[in-house]
Amino acid sequence: MPDEFRSVRAQLPPQVEDLAAAFGDPFIQIEFLRLIVNGEVLEPVLVDAATAARMVRPYAWLLDRAGAEGIKLTSAGYLPPVHVEAAVAELGLAEEWIGSYNRESQTLPVWEFRESAVRLGLLRKYRGQLLATARGRKLREDPVALWWHLAQSVPPHAADDPRRHAGLLLLAAVAGQIGGNPHEYVAGMLWRAGWTRSDGTELDRWEARDAALETYVVLVRLGALVPDWHGSGPDRPTADGAVFARAALRTWPSAS
C-alpha cells in the first residue's frame, strides 16, 4: 500500500480503521481510503446553529410532541392516529408512503422514525407511555448539541458487525458524495468485506439499505440523504449531509 494511504489509515478513528481492515484486498482498502480522503473525514467538522436546527427539526418536533406529559400509546403499543397524522403532515411524509396515514402499524415511515428516536436515547417507552428522556429534554434546547448527539449515535452502538459495517459504509458514501447509488456501493463493499446472503451470494442494494436501516432513517430524516420517492433514481447525498456523515465517522461511538 502506498505510503500516503498508510498515513491516512493511521489517522482513522478506530471504528473506521476496523472497517478498512475488513477488506483483505489492499486495492479495495485504497478505494475505501480514497473515498474517506475525498469526504474530508480527517478534517475538522463545524456546524452552525441554523443548519443544525434545520436538520434536527424532525427529532425536535417529536420531542415537542411528546412534551412534558408524554404520549399514551395504544394497547398494541403504537402511536394513536392523531399523532400519526400530525407526523405525516408536519414532516412531509405523505410522498414516502401510501394509505390513510392514521395507523402507525400501517405507516412505516412514522414507525421507523419513532423507533429511531427511542434507539437514539431521545424517547423511551414506560408503562404504556412514550416519554422524552432526560437527555432528550436537555438536547431539545440545543440544536447543535442534538446534531452532534445524532452524529455520535449512528450506526447503533449495539449493532452486529454487518449492520455496523453497512452503516459506516453508508456514512462514507454520503461523506464522499459518491456518484451513483450509495446502496449499491454499500452492497459491493459489504461483499468485499465478506458479508453475504445465507447462500453465499452478494447482497443487492435493497438488502444493503436494510442492513444500514438505523443509519439510513437518521440520514433521511435529517435531509442528509434524499431518496427518489417517485422514480428509480438513486438516493442523493446532500452537502449538509456530507458534513453530518463526516462528523459521524469522526466521533462514533461516543465516549458517553
# chains A, B, ... in the order shown; residues from 1 in each chain; ligands from 1
>>> residues_around(residues="Phe5 (chain A)", least_positions_apart="2", cutoff="10 Å", atoms="only C-alpha atoms", output="JSON, numbers by chain")
{"A": [1, 2, 3, 7, 8, 9, 10, 11, 29, 30, 31, 33, 34, 37]}
>>> residues_around(residues="Arg192 (chain A)", least_positions_apart="4", cutoff="12 Å", atoms="only C-alpha atoms", output="PyMOL selection string")
chain A and resi 19-29+31-32+165-166+169+185-188+196+201-203
>>> closest_residue(among="A:Gly194, A:Gly99, A:Gly241, A:Gly128", to="Val174 (chain A)", atoms="only C-alpha atoms")
A:Gly241
>>> residues_around(residues="Ala53 (chain A)", least_positions_apart="6", cutoff="12 Å", atoms="only C-alpha atoms", output="PDB file with C-alpha atoms, in the first residue's frame")
ATOM      1  CA  VAL A  47     -21.881  23.089  12.068  1.00  0.00           C
ATOM      2  CA  TYR A  59     -36.469  14.959  16.079  1.00  0.00           C
ATOM      3  CA  ALA A  60     -37.078  18.293  17.832  1.00  0.00           C
ATOM      4  CA  TRP A  61     -40.685  18.211  16.632  1.00  0.00           C
ATOM      5  CA  LEU A 139     -30.874  18.320  23.867  1.00  0.00           C
ATOM      6  CA  ARG A 140     -34.175  19.804  22.656  1.00  0.00           C
ATOM      7  CA  GLU A 141     -32.956  23.190  23.879  1.00  0.00           C
ATOM      8  CA  ASP A 142     -29.659  22.993  21.964  1.00  0.00           C
ATOM      9  CA  PRO A 143     -29.886  22.095  18.249  1.00  0.00           C
ATOM     10  CA  VAL A 144     -26.122  21.909  17.808  1.00  0.00           C
ATOM     11  CA  ALA A 145     -25.788  19.509  20.741  1.00  0.00           C
ATOM     12  CA  LEU A 146     -28.674  17.431  19.364  1.00  0.00           C
ATOM     13  CA  TRP A 147     -26.966  17.349  15.937  1.00  0.00           C
ATOM     14  CA  TRP A 148     -23.750  16.091  17.492  1.00  0.00           C
ATOM     15  CA  LEU A 222     -32.067  14.937   8.672  1.00  0.00           C
ATOM     16  CA  GLY A 223     -32.114  15.623   4.936  1.00  0.00           C
TER      17      GLY A 223
END
>>> residues_around(residues="Leu120 (chain A)", least_positions_apart="3", cutoff="7 Å", atoms="only C-alpha atoms", output="PyMOL selection string")
chain A and resi 116-117+153
>>> residues_around(residues="Ala172 (chain A)", least_positions_apart="6", cutoff="7 Å", atoms="only C-alpha atoms", output="MDAnalysis selection string")
chainID A and resid 35:36 245
>>> write_last_selection(atoms="N, CA and C atoms", output="CSV table (one decimal), in the first residue's frame")
chain,number,residue,atom,x,y,z
A,35,LEU,N,-12.1,7.3,-0.8
A,35,LEU,CA,-13.4,7.9,-0.5
A,35,LEU,C,-13.3,8.7,0.8
A,36,ILE,N,-12.7,8.1,1.8
A,36,ILE,CA,-12.5,8.8,3.1
A,36,ILE,C,-11.8,10.1,2.9
A,245,ALA,N,-22.3,13.3,7.9
A,245,ALA,CA,-21.6,11.9,7.8
A,245,ALA,C,-20.2,12.0,8.2
